[in-house]
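*Asks:* Below is the file upload-v4.txt, with compact mmCIF, C-alpha atoms.
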# COMPACT_ATOMS: atom_id res chain seq x y z
CA MET A 18 0.00 0.00 0.00
CA THR A 19 1.47 3.31 -1.07
CA PRO A 20 0.22 6.54 0.46
CA THR A 21 -1.56 8.78 -2.00
CA ALA A 22 -0.09 12.26 -2.17
CA PRO A 23 -2.72 15.02 -1.98
CA ASP A 24 -2.04 16.19 -5.54
CA LEU A 25 -2.46 12.67 -6.87
CA ALA A 26 -6.17 12.44 -6.28
CA PRO A 27 -7.91 10.64 -9.12
CA THR A 28 -8.99 12.60 -12.17
CA PRO A 29 -12.79 13.00 -11.99
CA SER A 30 -15.06 11.24 -14.46
CA GLN A 31 -17.26 13.11 -16.93
CA THR A 32 -19.97 11.85 -19.23
CA VAL A 33 -19.06 10.27 -22.56
CA GLY A 34 -21.66 12.66 -24.04
CA PRO A 35 -23.80 12.02 -27.12
CA PHE A 36 -21.16 12.52 -29.80
CA PHE A 37 -18.68 9.64 -29.47
CA GLY A 38 -20.00 7.61 -32.40
CA HIS A 39 -17.34 8.83 -34.85
CA ALA A 40 -14.52 8.17 -32.38
CA LEU A 41 -14.92 5.21 -30.02
CA PRO A 42 -16.72 2.41 -31.90
CA TYR A 43 -14.53 0.47 -34.32
CA ALA A 44 -15.20 -2.20 -36.91
CA GLU A 45 -14.16 -5.26 -34.88
CA GLY A 46 -15.42 -3.91 -31.57
CA PRO A 47 -18.50 -6.14 -31.28
CA ASP A 48 -16.74 -9.28 -32.56
CA LEU A 49 -14.39 -10.83 -29.99
CA VAL A 50 -14.06 -13.92 -32.20
CA PRO A 51 -14.41 -14.47 -35.95
CA GLY A 52 -17.80 -15.51 -37.29
CA TRP A 53 -16.69 -19.00 -38.27
CA HIS A 54 -15.62 -19.90 -34.74
CA PRO A 55 -17.43 -23.13 -33.77
CA ASP A 56 -17.97 -21.97 -30.18
CA ALA A 57 -19.14 -18.43 -30.98
CA ILE A 58 -22.10 -17.19 -29.01
CA THR A 59 -24.12 -13.99 -29.35
CA ILE A 60 -24.86 -11.71 -26.44
CA ARG A 61 -27.35 -8.99 -27.06
CA GLY A 62 -29.58 -6.73 -25.06
CA ARG A 63 -30.92 -3.26 -24.61
CA VAL A 64 -29.83 -0.42 -22.39
CA LEU A 65 -32.94 1.17 -20.83
CA ASP A 66 -33.63 4.22 -18.71
CA GLY A 67 -35.81 4.58 -15.63
CA ALA A 68 -38.94 4.99 -17.75
CA GLY A 69 -38.14 1.81 -19.69
CA ALA A 70 -37.17 3.79 -22.77
CA PRO A 71 -34.25 2.53 -24.87
CA ILE A 72 -31.02 4.53 -24.67
CA PRO A 73 -29.70 5.02 -28.21
CA ASP A 74 -26.45 6.74 -27.20
CA ALA A 75 -24.86 4.29 -24.78
CA LEU A 76 -21.53 2.53 -25.21
CA VAL A 77 -21.16 -1.00 -23.81
CA GLU A 78 -17.75 -2.54 -23.17
CA ILE A 79 -17.02 -6.11 -22.09
CA TRP A 80 -13.85 -7.83 -20.86
CA GLN A 81 -13.64 -11.54 -20.21
CA ALA A 82 -11.70 -14.78 -20.09
CA ASP A 83 -11.75 -17.34 -22.91
CA GLY A 84 -13.49 -20.70 -22.80
CA ALA A 85 -10.73 -22.17 -20.67
CA GLY A 86 -10.81 -19.37 -18.10
CA ARG A 87 -7.68 -17.66 -19.41
CA ILE A 88 -7.58 -13.87 -19.45
CA PRO A 89 -5.88 -12.56 -22.62
CA SER A 90 -2.58 -10.94 -21.68
CA GLY A 91 -1.15 -10.01 -25.08
CA ALA A 92 -1.88 -7.08 -27.36
CA GLY A 93 -4.94 -7.19 -29.58
CA GLY A 94 -7.71 -5.35 -27.80
CA LEU A 95 -8.45 -3.18 -30.83
CA ARG A 96 -7.25 -5.33 -33.68
CA ARG A 97 -7.12 -9.00 -32.77
CA ASP A 98 -5.46 -11.76 -34.72
CA PRO A 99 -8.00 -12.65 -37.46
CA ASP A 100 -8.42 -16.13 -35.98
CA GLY A 101 -7.98 -15.07 -32.37
CA PHE A 102 -9.95 -14.03 -29.32
CA SER A 103 -9.57 -10.44 -28.09
CA GLY A 104 -11.30 -10.68 -24.71
CA PHE A 105 -12.34 -7.04 -25.09
CA GLY A 106 -15.42 -5.81 -26.90
CA ARG A 107 -17.03 -2.44 -27.51
CA CYS A 108 -20.42 -1.71 -29.04
CA GLY A 109 -22.51 1.45 -29.25
CA THR A 110 -26.27 1.01 -28.87
CA ASP A 111 -28.47 1.55 -31.92
CA ALA A 112 -31.69 3.54 -32.23
CA ALA A 113 -33.54 0.78 -30.34
CA GLY A 114 -31.00 0.88 -27.50
CA GLU A 115 -29.65 -2.49 -28.57
CA TYR A 116 -26.06 -3.76 -28.44
CA ARG A 117 -24.62 -7.05 -29.66
CA PHE A 118 -21.41 -9.02 -29.16
CA ARG A 119 -20.10 -12.20 -30.77
CA THR A 120 -17.83 -13.91 -28.28
CA LEU A 121 -17.06 -17.12 -26.39
CA LYS A 122 -18.72 -18.32 -23.27
CA PRO A 123 -16.00 -17.76 -20.69
CA GLY A 124 -14.78 -20.52 -18.43
CA ALA A 125 -14.47 -19.92 -14.71
CA ILE A 126 -11.28 -17.97 -14.05
CA ARG A 127 -8.47 -20.28 -13.10
CA PRO A 128 -5.88 -18.83 -10.71
CA ASN A 129 -2.85 -17.64 -12.67
CA ALA A 130 -4.48 -18.80 -15.88
CA SER A 131 -3.35 -15.59 -17.55
CA ASP A 132 0.29 -16.41 -16.86
CA THR A 133 1.42 -18.14 -19.98
CA ASP A 134 5.17 -18.12 -19.47
CA ALA A 135 7.62 -19.41 -16.91
CA SER A 136 8.28 -15.99 -15.39
CA GLY A 137 4.92 -16.07 -13.66
CA THR A 138 5.88 -19.26 -11.90
CA ASP A 139 9.26 -17.82 -10.94
CA ALA A 140 7.64 -14.71 -9.50
CA SER A 141 5.24 -16.63 -7.30
CA GLY A 142 8.07 -18.84 -6.15
CA ALA A 143 10.02 -15.77 -5.09
CA ASP A 144 7.02 -14.38 -3.24
CA ALA A 145 6.49 -17.61 -1.40
CA SER A 146 10.09 -17.90 -0.28
CA GLY A 147 10.13 -14.27 0.78
CA ALA A 148 7.08 -14.79 2.94
CA GLY A 149 8.52 -17.95 4.40
CA ALA A 150 11.79 -16.30 5.28
CA SER A 151 10.48 -13.28 7.09
CA GLY A 152 6.71 -13.31 7.19
CA ALA A 153 7.15 -9.72 6.15
CA ASP A 154 4.82 -7.31 4.48
CA VAL A 155 3.58 -9.29 1.49
CA ALA A 156 -0.13 -9.06 2.23
CA GLY A 157 -0.58 -6.18 -0.18
CA ALA A 158 0.59 -8.26 -3.10
CA GLY A 159 -2.75 -9.99 -3.26
CA ALA A 160 -1.18 -13.19 -4.53
CA SER A 161 -1.66 -14.72 -1.12
CA GLY A 162 -5.26 -15.27 -2.18
CA THR A 163 -6.90 -15.19 1.21
CA GLY A 164 -10.63 -15.11 1.52
CA THR A 165 -12.22 -14.70 -1.87
CA SER A 166 -9.70 -16.46 -4.09
CA GLY A 167 -10.42 -19.40 -6.29
CA ALA A 168 -13.62 -20.82 -7.60
CA GLY A 169 -16.54 -18.83 -8.82
CA ALA A 170 -18.98 -18.85 -11.67
CA PRO A 171 -18.01 -17.83 -15.22
CA TYR A 172 -18.84 -14.20 -15.96
CA ILE A 173 -18.22 -11.26 -18.27
CA ALA A 174 -17.29 -7.84 -16.86
CA VAL A 175 -19.57 -5.15 -18.32
CA LEU A 176 -19.18 -1.36 -18.40
CA VAL A 177 -21.79 1.06 -19.71
CA PHE A 178 -21.12 4.69 -20.65
CA ALA A 179 -23.86 7.04 -21.85
CA ARG A 180 -24.96 10.60 -22.21
CA GLY A 181 -26.44 11.36 -18.81
CA LEU A 182 -24.10 8.98 -16.99
CA LEU A 183 -21.49 11.15 -15.29
CA LYS A 184 -19.49 8.01 -14.56
CA PRO A 185 -19.85 4.49 -15.99
CA VAL A 186 -21.94 1.76 -14.41
CA ARG A 187 -20.09 -1.51 -13.81
CA THR A 188 -21.72 -4.89 -13.64
CA ARG A 189 -21.25 -8.57 -14.50
CA LEU A 190 -23.06 -10.93 -16.81
CA TYR A 191 -23.49 -14.50 -15.56
CA PHE A 192 -24.92 -17.44 -17.54
CA PRO A 193 -28.16 -19.28 -16.70
CA GLN A 194 -26.69 -22.77 -17.15
CA ASP A 195 -24.16 -22.13 -14.37
CA ALA A 196 -26.80 -21.84 -11.64
CA ALA A 197 -24.99 -24.36 -9.42
CA ALA A 198 -21.78 -22.29 -9.49
CA HIS A 199 -23.66 -19.08 -8.74
CA GLY A 200 -24.04 -20.30 -5.17
CA ILE A 201 -20.28 -20.22 -4.62
CA ASP A 202 -19.54 -17.02 -6.50
CA PRO A 203 -18.07 -14.41 -4.13
CA VAL A 204 -19.48 -11.41 -6.01
CA LEU A 205 -22.99 -12.86 -6.33
CA ALA A 206 -22.81 -13.66 -2.62
CA ALA A 207 -22.61 -9.91 -1.95
CA VAL A 208 -25.83 -9.30 -3.94
CA PRO A 209 -29.23 -9.63 -2.23
CA ALA A 210 -30.82 -12.85 -3.50
CA GLU A 211 -33.89 -11.13 -4.94
CA ARG A 212 -31.71 -8.89 -7.15
CA ARG A 213 -29.33 -11.59 -8.44
CA PRO A 214 -31.49 -12.42 -11.49
CA THR A 215 -30.62 -8.97 -12.93
CA LEU A 216 -27.06 -10.29 -13.40
CA VAL A 217 -28.00 -13.51 -15.18
CA ALA A 218 -28.47 -13.48 -18.95
CA VAL A 219 -31.52 -15.17 -20.49
CA ALA A 220 -30.92 -17.95 -23.01
CA GLU A 221 -32.82 -17.18 -26.22
CA SER A 222 -31.35 -20.24 -27.92
CA ASP A 223 -28.37 -22.46 -27.18
CA ARG A 224 -26.08 -19.89 -28.79
CA THR A 225 -27.80 -16.58 -28.03
CA TYR A 226 -28.19 -14.81 -24.71
CA ARG A 227 -30.10 -11.67 -23.83
CA PHE A 228 -28.80 -9.29 -21.17
CA ASP A 229 -30.84 -6.12 -20.78
CA ILE A 230 -29.35 -3.39 -18.63
CA HIS A 231 -31.82 -1.23 -16.71
CA LEU A 232 -30.03 1.86 -15.47
CA GLN A 233 -32.84 2.78 -13.10
CA GLY A 234 -36.23 1.71 -11.81
CA GLU A 235 -37.97 -1.34 -10.45
CA ARG A 236 -35.89 -3.72 -12.56
CA GLU A 237 -32.65 -1.78 -12.04
CA THR A 238 -29.62 -3.91 -12.80
CA VAL A 239 -27.25 -4.50 -9.90
CA PHE A 240 -24.24 -2.23 -10.32
CA LEU A 241 -20.95 -2.87 -8.59
CA GLY A 242 -18.94 -0.29 -6.69
CA ILE A 243 -15.63 -1.58 -8.00
CA MET B 13 -15.39 12.26 -3.34
CA THR B 14 -13.58 13.01 -6.57
CA HIS B 15 -16.19 11.82 -9.02
CA PRO B 16 -19.59 13.38 -9.66
CA PRO B 17 -22.66 11.60 -8.29
CA TYR B 18 -24.82 9.76 -10.82
CA LEU B 19 -27.75 12.07 -10.14
CA HIS B 20 -27.13 15.76 -10.80
CA PRO B 21 -30.56 17.22 -11.71
CA ASP B 22 -29.07 20.39 -13.24
CA TYR B 23 -27.77 18.03 -15.93
CA LYS B 24 -31.20 16.88 -17.07
CA SER B 25 -30.18 13.66 -18.77
CA THR B 26 -29.11 12.23 -15.41
CA VAL B 27 -32.68 12.24 -14.06
CA LEU B 28 -33.85 9.06 -15.81
CA ARG B 29 -30.43 7.50 -16.27
CA ALA B 30 -28.83 7.70 -12.82
CA PRO B 31 -29.08 4.42 -10.92
CA SER B 32 -31.28 4.96 -7.87
CA ARG B 33 -29.88 2.16 -5.71
CA GLU B 34 -26.57 2.13 -3.93
CA PRO B 35 -23.97 0.04 -5.76
CA VAL B 36 -23.17 -3.37 -4.32
CA MET B 37 -19.65 -3.40 -2.90
CA PRO B 38 -18.21 -6.89 -3.35
CA ARG B 39 -14.70 -7.76 -2.32
CA LEU B 40 -13.01 -8.78 -5.55
CA GLY B 41 -10.87 -11.89 -5.40
CA PRO B 42 -7.32 -11.51 -6.74
CA ASP B 43 -8.18 -13.53 -9.84
CA SER B 44 -11.04 -11.26 -10.86
CA VAL B 45 -11.06 -10.26 -14.51
CA GLU B 46 -11.72 -6.64 -13.48
CA LEU B 47 -8.24 -6.43 -11.96
CA THR B 48 -6.71 -6.91 -15.39
CA SER B 49 -7.04 -4.80 -18.53
CA PRO B 50 -7.02 -5.37 -22.24
CA VAL B 51 -3.59 -4.74 -23.75
CA PHE B 52 -3.07 -2.68 -26.88
CA GLY B 53 -0.11 -2.74 -29.26
CA HIS B 54 1.39 -0.09 -31.52
CA GLN B 55 0.51 -2.19 -34.57
CA GLU B 56 -3.17 -1.67 -33.74
CA LEU B 57 -2.94 2.10 -34.21
CA GLY B 58 -2.40 4.13 -37.34
CA VAL B 59 0.78 6.20 -37.56
CA LEU B 60 -1.21 9.42 -37.85
CA ASP B 61 -3.69 8.65 -35.12
CA GLU B 62 -2.10 11.10 -32.68
CA ASP B 63 -2.09 14.01 -35.13
CA LEU B 64 -5.72 15.03 -35.60
CA THR B 65 -4.68 17.72 -38.09
CA ALA B 66 -3.23 15.15 -40.53
CA HIS B 67 -6.24 12.96 -41.30
CA HIS B 68 -7.38 14.72 -44.45
CA ALA B 69 -5.94 16.30 -47.60
CA GLY B 70 -5.78 19.80 -46.15
CA GLU B 71 -5.16 21.41 -42.79
CA PRO B 72 -8.16 22.04 -40.57
CA LEU B 73 -9.19 25.56 -39.71
CA GLY B 74 -8.56 26.85 -36.22
CA GLU B 75 -5.84 27.31 -33.67
CA ARG B 76 -3.31 24.44 -33.85
CA ILE B 77 -2.41 23.14 -30.38
CA ILE B 78 -0.37 20.41 -28.72
CA VAL B 79 -1.99 18.59 -25.80
CA THR B 80 0.28 16.37 -23.74
CA GLY B 81 0.59 14.96 -20.25
CA ARG B 82 1.20 11.84 -18.24
CA VAL B 83 -1.09 9.04 -17.15
CA LEU B 84 -0.23 8.16 -13.55
CA ASP B 85 -1.55 5.75 -10.95
CA GLY B 86 -2.54 6.85 -7.46
CA ALA B 87 1.05 6.46 -6.27
CA GLY B 88 2.40 8.70 -9.02
CA ARG B 89 3.85 5.87 -11.08
CA PRO B 90 3.61 6.18 -14.88
CA VAL B 91 1.04 3.97 -16.57
CA ARG B 92 2.96 2.76 -19.62
CA GLY B 93 1.62 1.60 -22.95
CA THR B 94 -1.98 2.35 -22.09
CA LEU B 95 -4.50 3.38 -24.73
CA VAL B 96 -5.62 7.02 -24.70
CA GLU B 97 -8.46 7.99 -27.04
CA VAL B 98 -9.66 11.55 -27.67
CA TRP B 99 -12.52 13.15 -29.55
CA GLN B 100 -13.72 16.71 -29.88
CA ALA B 101 -15.65 19.35 -31.79
CA ASN B 102 -13.97 21.39 -34.52
CA ALA B 103 -12.86 25.02 -34.13
CA ALA B 104 -16.42 26.22 -34.77
CA GLY B 105 -17.88 23.99 -32.06
CA ARG B 106 -19.35 21.33 -34.38
CA TYR B 107 -18.81 17.58 -34.09
CA ALA B 108 -18.35 15.42 -37.17
CA HIS B 109 -21.30 13.39 -35.90
CA LEU B 110 -24.66 12.99 -37.64
CA GLY B 111 -26.51 13.81 -34.46
CA ASP B 112 -24.93 17.25 -34.00
CA ARG B 113 -27.40 19.83 -35.34
CA HIS B 114 -25.54 22.93 -34.17
CA PRO B 115 -25.66 25.31 -37.17
CA ALA B 116 -21.93 25.86 -37.24
CA PRO B 117 -19.81 24.79 -40.21
CA LEU B 118 -18.34 21.33 -40.53
CA ASP B 119 -14.66 21.29 -41.50
CA PRO B 120 -13.92 18.81 -44.29
CA ASN B 121 -10.35 18.61 -43.00
CA PHE B 122 -11.21 17.72 -39.42
CA THR B 123 -12.88 14.61 -37.99
CA GLY B 124 -11.75 15.16 -34.43
CA ALA B 125 -10.86 11.64 -33.22
CA GLY B 126 -7.41 10.36 -32.21
CA ARG B 127 -5.63 7.56 -30.39
CA CYS B 128 -2.19 6.94 -28.91
CA LEU B 129 -0.36 4.73 -26.46
CA THR B 130 1.51 6.23 -23.51
CA ASP B 131 5.30 5.96 -23.61
CA ASP B 132 7.66 4.70 -20.90
CA ASP B 133 7.06 7.86 -18.85
CA GLY B 134 3.30 7.39 -19.14
CA ARG B 135 3.18 10.31 -21.54
CA TYR B 136 0.62 10.87 -24.29
CA ARG B 137 0.78 13.62 -26.91
CA PHE B 138 -1.74 14.84 -29.48
CA VAL B 139 -1.58 17.54 -32.13
CA THR B 140 -5.01 18.99 -32.80
CA ILE B 141 -6.91 22.27 -33.07
CA LYS B 142 -8.56 24.06 -30.20
CA PRO B 143 -12.24 23.04 -30.09
CA GLY B 144 -14.94 25.67 -29.99
CA ALA B 145 -17.65 26.06 -27.37
CA TYR B 146 -21.09 24.91 -28.49
CA PRO B 147 -24.73 25.23 -27.44
CA TRP B 148 -26.86 22.39 -26.12
CA ARG B 149 -30.47 22.07 -25.03
CA ASN B 150 -30.08 21.26 -21.35
CA HIS B 151 -31.51 24.63 -20.29
CA PRO B 152 -32.10 28.04 -21.94
CA ASN B 153 -28.92 29.51 -23.41
CA ALA B 154 -26.83 26.51 -22.38
CA TRP B 155 -23.26 26.31 -23.72
CA ARG B 156 -20.54 23.76 -23.11
CA PRO B 157 -17.08 25.14 -22.37
CA ALA B 158 -14.49 24.10 -24.95
CA HIS B 159 -13.31 20.57 -24.10
CA ILE B 160 -11.60 17.47 -25.42
CA HIS B 161 -13.08 14.08 -24.44
CA PHE B 162 -10.55 11.54 -23.10
CA SER B 163 -10.88 7.79 -22.70
CA VAL B 164 -8.14 5.92 -20.77
CA PHE B 165 -7.73 2.24 -19.88
CA GLY B 166 -5.03 1.81 -17.19
CA THR B 167 -3.87 -1.55 -15.89
CA ALA B 168 -7.19 -2.77 -14.47
CA PHE B 169 -10.72 -2.60 -15.83
CA THR B 170 -11.66 -0.94 -12.53
CA GLN B 171 -9.45 2.02 -13.56
CA ARG B 172 -11.27 2.62 -16.85
CA LEU B 173 -11.86 6.37 -17.12
CA VAL B 174 -13.78 8.59 -19.53
CA THR B 175 -13.58 12.29 -18.83
CA GLN B 176 -13.19 15.73 -20.41
CA MET B 177 -10.25 18.13 -20.46
CA TYR B 178 -10.97 21.86 -20.36
CA PHE B 179 -8.91 24.95 -21.20
CA PRO B 180 -7.74 27.47 -18.59
CA GLY B 181 -9.81 30.57 -17.89
CA ASP B 182 -12.96 29.55 -19.76
CA PRO B 183 -15.84 31.85 -18.68
CA LEU B 184 -18.36 29.04 -19.20
CA PHE B 185 -17.13 26.85 -16.31
CA ALA B 186 -19.53 28.37 -13.76
CA HIS B 187 -22.49 27.86 -16.13
CA ASP B 188 -21.75 24.25 -17.08
CA PRO B 189 -23.74 21.65 -15.12
CA ILE B 190 -21.51 18.83 -16.37
CA MET B 191 -18.36 20.34 -14.91
CA GLN B 192 -20.28 21.61 -11.86
CA SER B 193 -21.55 18.08 -11.16
CA ILE B 194 -18.16 17.47 -9.53
CA PRO B 195 -18.78 18.42 -5.91
CA ASP B 196 -15.42 19.91 -4.99
CA GLN B 197 -13.84 22.90 -6.76
CA ARG B 198 -10.36 21.41 -6.33
CA ASP B 199 -11.51 18.34 -8.22
CA ARG B 200 -13.07 20.43 -11.00
CA ASP B 201 -9.73 22.19 -11.34
CA ARG B 202 -8.10 18.80 -12.02
CA LEU B 203 -9.87 18.76 -15.38
CA VAL B 204 -8.39 22.09 -16.51
CA SER B 205 -5.24 21.92 -18.60
CA ARG B 206 -2.34 24.30 -18.09
CA PHE B 207 -0.87 26.49 -20.81
CA ASP B 208 2.83 25.68 -21.06
CA LEU B 209 5.34 27.80 -22.95
CA ASP B 210 7.88 24.96 -22.94
CA THR B 211 5.40 22.71 -24.74
CA THR B 212 4.59 25.49 -27.19
CA VAL B 213 6.43 25.16 -30.51
CA PRO B 214 7.61 28.59 -31.79
CA GLU B 215 5.72 29.87 -34.80
CA TRP B 216 3.65 26.67 -34.97
CA ALA B 217 1.38 25.67 -32.04
CA LEU B 218 0.46 26.54 -28.45
CA GLY B 219 1.08 23.81 -25.89
CA TYR B 220 -1.12 22.56 -23.06
CA GLN B 221 -0.20 20.13 -20.29
CA TRP B 222 -2.72 17.88 -18.57
CA ASP B 223 -1.95 14.87 -16.35
CA ILE B 224 -4.45 12.10 -15.68
CA VAL B 225 -4.44 10.18 -12.39
CA LEU B 226 -6.23 6.82 -12.40
CA GLY B 227 -7.92 5.55 -9.25
CA ASP B 228 -6.31 2.84 -7.18
CA THR B 229 -7.58 -0.61 -7.90
CA PRO B 230 -9.47 -2.14 -4.96
CA MET B 231 -6.47 -4.39 -4.30
CA GLU B 232 -4.32 -1.35 -3.56
CA ALA B 233 -6.89 0.83 -1.83
Could you express the structure from this file as structure tokens?

*Replies:*
Amino acid sequence: MTPTAPDLAPTPSQTVGPFFGHALPYAEGPDLVPGWHPDAITIRGRVLDGAGAPIPDALVEIWQADGAGRIPSGAGGLRRDPDGFSGFGRCGTDAAGEYRFRTLKPGAIRPNASDTDASGTDASGADASGAGASGADVAGAGASGTGTSGAGAPYIAVLVFARGLLKPVRTRLYFPQDAAAHGIDPVLAAVPAERRPTLVAVAESDRTYRFDIHLQGERETVFLGI
Amino acid sequence: MTHPPYLHPDYKSTVLRAPSREPVMPRLGPDSVELTSPVFGHQELGVLDEDLTAHHAGEPLGERIIVTGRVLDGAGRPVRGTLVEVWQANAAGRYAHLGDRHPAPLDPNFTGAGRCLTDDDGRYRFVTIKPGAYPWRNHPNAWRPAHIHFSVFGTAFTQRLVTQMYFPGDPLFAHDPIMQSIPDQRDRDRLVSRFDLDTTVPEWALGYQWDIVLGDTPMEA
């Protein structure tokens, strides 16, 4: 933990505004995998306001692990390998407030699954020996994995920006077929049971899921203060 | 609190879009996807992406400027190789966006969108033109101060930031509900760039400096 100097307070957020359409969306943004991919799924939904009206000027971003629970760690967020998986997606909503992504159903995150080379193993070995030698101040490293580490349900991290949102809303999309794993998911555990369904996509077919995001109102999606 | 609240009724679009419930505050496990960020490479950007005056056959109209600064984390460390995206109105205060109906001229030589990656010091740099102020329909005689929109990634998805950079001394600050949505004046001031003679290139372009500080990730907080 490093103390924050007074002049290093975070830069405040401001709305994305209505006029980002010529700047932020890009051709491959909604397609995290190529169309021919045998495991491709579609995620689509609408972004809605407190009156239930569609929001036509929202920007949805997703970030996720691949089917094996590995988080992409190489470049390619904007322009992935033509046959590859980017992990990151961006889609502006259309006039009906609708967004769409073509992606993979993520696997549950596996600890250190994003470490693809030997250096990751070396680093954790060094941490472990350091802790063993002195028991010193390694708690901040987070690699000790106390408490909430390990198993959980597969999910996609979701961010929504819009005109009228002075800062983004952050949430997660979970999948209906993983209901058993939802019970052991540490983030879902923090959500009141009656509101958890707002975080679970609806299967429209075996390859298509709907995830509507209600910014406000009776069906308001659960947003995360993370 | 640095950031504005979701609900700021003076900015009318927040009224039906601000979440009304308190966010759920989970404790993220160390393996959470939100504690990582997409990575972007130089090969994904065009060579001219950071010069917004070079995207068309001719030079755009307006006052050429250089906008540069560093992206830092909450401990003051540079955030290297992170993607910075900008977009803005032209010198007349008109966006190259179909939805902008402000009766000011479009500039065929200016689209107003750019991208770059920060260098090893966390520094970004754009060449552009100074955007104009423009009217909007939030309230009678409403005008936005001149601004450049910024989008920054950082090293964790929790650090993802979209904001706006303003220019020093703009008389519209006090009348702008978007800037005024930030509760504390010191925090509003963090969005105002600084004119810098050392950044200014003689006989070519004025220079502005503006640093961006990303929030700590929950692991560090």

*Asks:* Distance cut-off 10 Å, centre (-14.0, -15.9, -32.5) in file coordinates, counting all atoms listed in the file: which residues qualify? Return them as a list of chain:residue names.

*Replies:*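 Residues lying no farther than 10 Å from the given point: A:Asp48, A:Leu49, A:Val50, A:Pro51, A:Gly52, A:Trp53, A:His54, A:Pro55, A:Asp56, A:Ala57, A:Ile58, A:Asp83, A:Arg97, A:Asp98, A:Pro99, A:Asp100, A:Gly101, A:Phe102, A:Ser103, A:Gly104, A:Arg119, A:Thr120, A:Leu121.
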
*Asks:* Which residues are near A:Ile173? Cut-off 12 Å, all atoms listed in the file, ignore same chain within fewer than 4 positions. Put them as a ChimeraX atom specification.

*Replies:* /A:60,78-84,86,88,104-106,118,120-126,187-192,216-218,228 /B:44-46,169

*Asks:* Please, could you write that set of residues out with C-alpha atoms as a tab-separated table (two decimals), in the frame of the given file?

*Replies:*
chain	number	residue	atom	x	y	z
A	60	ILE	CA	-24.86	-11.71	-26.44
A	78	GLU	CA	-17.75	-2.54	-23.17
A	79	ILE	CA	-17.02	-6.11	-22.09
A	80	TRP	CA	-13.85	-7.83	-20.86
A	81	GLN	CA	-13.64	-11.54	-20.21
A	82	ALA	CA	-11.70	-14.78	-20.09
A	83	ASP	CA	-11.75	-17.34	-22.91
A	84	GLY	CA	-13.49	-20.70	-22.80
A	86	GLY	CA	-10.81	-19.37	-18.10
A	88	ILE	CA	-7.58	-13.87	-19.45
A	104	GLY	CA	-11.30	-10.68	-24.71
A	105	PHE	CA	-12.34	-7.04	-25.09
A	106	GLY	CA	-15.42	-5.81	-26.90
A	118	PHE	CA	-21.41	-9.02	-29.16
A	120	THR	CA	-17.83	-13.91	-28.28
A	121	LEU	CA	-17.06	-17.12	-26.39
A	122	LYS	CA	-18.72	-18.32	-23.27
A	123	PRO	CA	-16.00	-17.76	-20.69
A	124	GLY	CA	-14.78	-20.52	-18.43
A	125	ALA	CA	-14.47	-19.92	-14.71
A	126	ILE	CA	-11.28	-17.97	-14.05
A	187	ARG	CA	-20.09	-1.51	-13.81
A	188	THR	CA	-21.72	-4.89	-13.64
A	189	ARG	CA	-21.25	-8.57	-14.50
A	190	LEU	CA	-23.06	-10.93	-16.81
A	191	TYR	CA	-23.49	-14.50	-15.56
A	192	PHE	CA	-24.92	-17.44	-17.54
A	216	LEU	CA	-27.06	-10.29	-13.40
A	217	VAL	CA	-28.00	-13.51	-15.18
A	218	ALA	CA	-28.47	-13.48	-18.95
A	228	PHE	CA	-28.80	-9.29	-21.17
B	44	SER	CA	-11.04	-11.26	-10.86
B	45	VAL	CA	-11.06	-10.26	-14.51
B	46	GLU	CA	-11.72	-6.64	-13.48
B	169	PHE	CA	-10.72	-2.60	-15.83

*Asks:* Against chain A, which residues of chain B fall within 6 Å? For each one I want the closest pair of atoms and the distance in Å (one decimal), counting only C-alpha atoms, rows by chain and increasing residue number, as a Markdown table.

*Replies:*
| residue | atom | partner | partner_atom | distance |
| --- | --- | --- | --- | --- |
| B:Thr14 | CA | A:Pro29 | CA | 5.5 |
| B:His15 | CA | A:Pro29 | CA | 4.7 |
| B:Tyr18 | CA | A:Leu183 | CA | 5.7 |
| B:Ser25 | CA | A:Gly181 | CA | 4.4 |
| B:Thr26 | CA | A:Gly181 | CA | 4.4 |
| B:Leu28 | CA | A:Gly67 | CA | 4.9 |
| B:Arg29 | CA | A:Asp66 | CA | 5.2 |
| B:Pro31 | CA | A:Gln233 | CA | 4.6 |
| B:Ser32 | CA | A:Gln233 | CA | 5.9 |
| B:Pro35 | CA | A:Leu241 | CA | 5.1 |
| B:Val36 | CA | A:Leu241 | CA | 4.8 |
| B:Met37 | CA | A:Gly242 | CA | 5.0 |
| B:Pro38 | CA | A:Val204 | CA | 5.4 |
| B:Gly41 | CA | A:Thr165 | CA | 4.7 |
| B:Pro42 | CA | A:Gly159 | CA | 5.9 |
| B:Asp43 | CA | A:Pro128 | CA | 5.8 |
| B:Pro50 | CA | A:Gly94 | CA | 5.6 |
| B:Val51 | CA | A:Ala92 | CA | 4.6 |
| B:Phe52 | CA | A:Ala92 | CA | 4.6 |
| B:Gly53 | CA | A:Ala92 | CA | 5.1 |
| B:Glu56 | CA | A:Arg96 | CA | 5.5 |
| B:Gly86 | CA | A:Leu25 | CA | 5.9 |
| B:Ala87 | CA | A:Thr21 | CA | 5.5 |
| B:Ala125 | CA | A:Ala40 | CA | 5.1 |
| B:Val174 | CA | A:Ser30 | CA | 5.9 |
| B:Thr175 | CA | A:Gln31 | CA | 4.2 |
| B:Gln176 | CA | A:Gln31 | CA | 6.0 |
| B:Ile224 | CA | A:Thr28 | CA | 5.8 |
| B:Val225 | CA | A:Pro27 | CA | 4.8 |
| B:Leu226 | CA | A:Pro27 | CA | 5.3 |
| B:Gly227 | CA | A:Pro27 | CA | 5.1 |
| B:Glu232 | CA | A:Met18 | CA | 5.8 |
